Number of protein chains: 2
Amino acid sequence: MVFTGFFKKLDADKQNRLDSVVIKTEKTLAPEALQDLCASVGWAKRDPELINRALANSLAVVSAWDGDLLVGFARATGDKVFNATIWDVAVRPSYQRLGLGKRIMREVIKQLDEFPISLITLYADPGRDGFYKRLGFNADPSGIRAMFRERS
Amino acid sequence: MVFTGFFKKLDADKQNRLDSVVIKTEKTLAPEALQDLCASVGWAKRDPELINRALANSLAVVSAWDGDLLVGFARATGDKVFNATIWDVAVRPSYQRLGLGKRIMREVIKQLDEFPISLITLYADPGRDGFYKRLGFNADPSGIRAMFRERS
């Protein structure tokens, strides 16, 4: 009974946090906020000037804010015509498992749907394909494989 | 012996064709030439106006020409900073198995290396991962999966 009460309180706290989250689609945001979010999910730190340029060159940028705190993010690149690729989908750990990732992804797809883009692609981390399948993505269609080449 | 002679002549013909192939990196090219190349490899026809816009919005466009005939193609999209994705790698069937695909891919990589891009990605068709591995690409790194969402 003690545990039940504890989890109920936790859920209520999380729900309150989610209610105050605002989704934005501006391409400019403080690089420090993005660096902080990336650090919260264990991603490598990126140069602020490069972040600014990458955001400016993205087709869609979606950010989720709780006041001044960046709590979620995703962006997409592409040719504005045939295809787009979604990158850097991140939700701050204390805001995870609340449906915020889905809300961010839906906004990215909505932004991309303003172009005649026929194909949206992404690279899913292990275990994340279920999340993306529920958003209409298919894994490895026709046996297609993700391949990466890192700068040497 | 007859067959050996036949294949030797074929190889010489192909080599002659390859010697006359010129690689170009201009982003503008006649959409009809690209439509014809795509048809030769069985891809769906795309609208000329959309082709023009997609090429203009690509980071790199590499085309291979034998005179006025477009015999190979590849392009890349991306944010000019962190990542790029290579699309539409095609070689006209009569020019395949001559190393032309490799030459085109190396030119795309060279074009992308003019940006500070740290990661180049692509979606490999089944059976094509060996080709891309020889160009420095790794398949499904860390269990990452390709996911596609087609416009409904």
# chains A, B, ... in the order shown; residues from 1 in each chain; ligands from 1

call {"tool": "select_by_dssp", "arguments": {"residues": "chain A", "states": "strand (DSSP E)", "output": "PyMOL selection string"}}
result
chain A and resi 21-24+60-66+69-78+83-91+119-124+138-139+145-150

call {"tool": "residues_around", "arguments": {"residues": "Lys24 of chain B", "least_positions_apart": "6", "cutoff": "10 Å", "atoms": "only C-alpha atoms", "output": "compact mmCIF listing (two decimals) with N, CA and C atoms, in the first residue's frame"}}
result
# COMPACT_ATOMS: atom_id res chain seq x y z
N VAL B 61 25.83 16.69 -55.26
CA VAL B 61 25.23 15.98 -56.39
C VAL B 61 26.38 15.55 -57.30
N VAL B 62 26.47 14.26 -57.55
CA VAL B 62 27.54 13.75 -58.41
C VAL B 62 26.90 13.00 -59.57
N SER B 63 27.30 13.38 -60.78
CA SER B 63 26.76 12.70 -61.96
C SER B 63 27.90 12.24 -62.86
N ALA B 64 27.70 11.12 -63.53
CA ALA B 64 28.71 10.57 -64.44
C ALA B 64 28.12 10.54 -65.84
N TRP B 65 28.88 11.07 -66.80
CA TRP B 65 28.37 11.26 -68.16
C TRP B 65 29.27 10.58 -69.18
N PHE B 73 24.91 8.25 -60.99
CA PHE B 73 24.41 9.36 -60.18
C PHE B 73 24.44 9.00 -58.70
N ILE B 104 31.94 7.19 -58.23
CA ILE B 104 30.89 8.17 -57.88
C ILE B 104 30.81 8.35 -56.37
N GLU B 107 33.61 10.40 -54.97
CA GLU B 107 33.44 11.82 -55.25
C GLU B 107 32.41 12.44 -54.30

call {"tool": "closest_atom_pairs", "arguments": {"of": "chain A", "to": "chain B", "cutoff": "8 Å", "atoms": "only C-alpha atoms", "output": "CSV"}}
result
residue,atom,partner,partner_atom,distance
A:Leu50,CA,B:Val81,CA,6.3
A:Arg53,CA,B:Val81,CA,7.0
A:Ala54,CA,B:Asp79,CA,5.1
A:Leu55,CA,B:Asp79,CA,7.6
A:Asn57,CA,B:Asp79,CA,4.9
A:Ser58,CA,B:Asp79,CA,5.8
A:Thr77,CA,B:Gly78,CA,5.5
A:Gly78,CA,B:Thr77,CA,5.5
A:Asp79,CA,B:Asn57,CA,4.9
A:Lys80,CA,B:Ala54,CA,6.7
A:Val81,CA,B:Ala54,CA,5.6
A:Phe82,CA,B:Ala54,CA,6.9
A:Ile117,CA,B:Arg151,CA,7.4
A:Ser118,CA,B:Arg151,CA,4.9
A:Leu119,CA,B:Glu150,CA,4.6
A:Ile120,CA,B:Arg149,CA,5.0
A:Thr121,CA,B:Phe148,CA,4.5
A:Leu122,CA,B:Met147,CA,5.4
A:Tyr123,CA,B:Ala146,CA,5.0
A:Ala124,CA,B:Arg145,CA,5.1
A:Asp125,CA,B:Ile144,CA,4.8
A:Pro126,CA,B:Gly143,CA,5.5
A:Asp129,CA,B:Arg145,CA,7.8
A:Tyr132,CA,B:Met147,CA,7.9
A:Gly136,CA,B:Arg149,CA,5.9
A:Phe137,CA,B:Arg149,CA,4.4
A:Asn138,CA,B:Met147,CA,5.2
A:Ala139,CA,B:Met147,CA,4.4
A:Asp140,CA,B:Ala146,CA,5.2
A:Pro141,CA,B:Phe148,CA,7.0
A:Ser142,CA,B:Pro126,CA,7.6
A:Gly143,CA,B:Pro126,CA,5.5
A:Ile144,CA,B:Asp125,CA,4.8
A:Arg145,CA,B:Ala124,CA,5.1
A:Ala146,CA,B:Ala146,CA,4.8
A:Met147,CA,B:Ala139,CA,4.4
A:Phe148,CA,B:Thr121,CA,4.5
A:Arg149,CA,B:Phe137,CA,4.4
A:Glu150,CA,B:Leu119,CA,4.6
A:Arg151,CA,B:Ser118,CA,4.9

call {"tool": "atom_distance", "arguments": {"atom1": "atom CA of Lys14 of chain A", "atom2": "atom CA of Lys102 of chain A"}}
result
15.8 Å

call {"tool": "select_by_dssp", "arguments": {"residues": "chain B", "states": "alpha helix (DSSP H)", "output": "PyMOL selection string"}}
result
chain B and resi 2-19+31-40+48-56+100-112+129-133

call {"tool": "atom_distance", "arguments": {"atom1": "atom CA of Ile86 of chain A", "atom2": "atom CA of Gln111 of chain B"}}
result
22.3 Å

call {"tool": "residues_around", "arguments": {"residues": "Asp19 of chain A", "least_positions_apart": "3", "cutoff": "12 Å", "atoms": "only C-alpha atoms", "output": "PyMOL selection string"}}
result
chain A and resi 12-16+22-23+64-67+95+98-100

call {"tool": "write_last_selection", "arguments": {"atoms": "C-alpha atoms", "output": "mmCIF file, in the first residue's frame"}}
result
data_model
loop_
_atom_site.group_PDB
_atom_site.id
_atom_site.type_symbol
_atom_site.label_atom_id
_atom_site.label_comp_id
_atom_site.auth_asym_id
_atom_site.auth_seq_id
_atom_site.Cartn_x
_atom_site.Cartn_y
_atom_site.Cartn_z
ATOM 1 C CA ALA A 12 0.805 12.941 -10.408
ATOM 2 C CA ASP A 13 4.078 14.896 -10.192
ATOM 3 C CA LYS A 14 5.087 13.727 -13.657
ATOM 4 C CA GLN A 15 1.651 14.568 -15.062
ATOM 5 C CA ASN A 16 1.935 18.063 -13.616
ATOM 6 C CA VAL A 22 5.315 23.761 -24.288
ATOM 7 C CA ILE A 23 6.311 22.565 -27.798
ATOM 8 C CA ALA A 64 9.888 20.893 -25.697
ATOM 9 C CA TRP A 65 10.242 23.311 -22.810
ATOM 10 C CA ASP A 66 9.229 23.325 -19.148
ATOM 11 C CA GLY A 67 9.741 26.998 -18.432
ATOM 12 C CA TYR A 95 10.356 13.606 -18.406
ATOM 13 C CA LEU A 98 5.044 10.392 -20.267
ATOM 14 C CA GLY A 99 4.336 10.355 -23.996
ATOM 15 C CA LEU A 100 6.496 13.435 -24.599
#
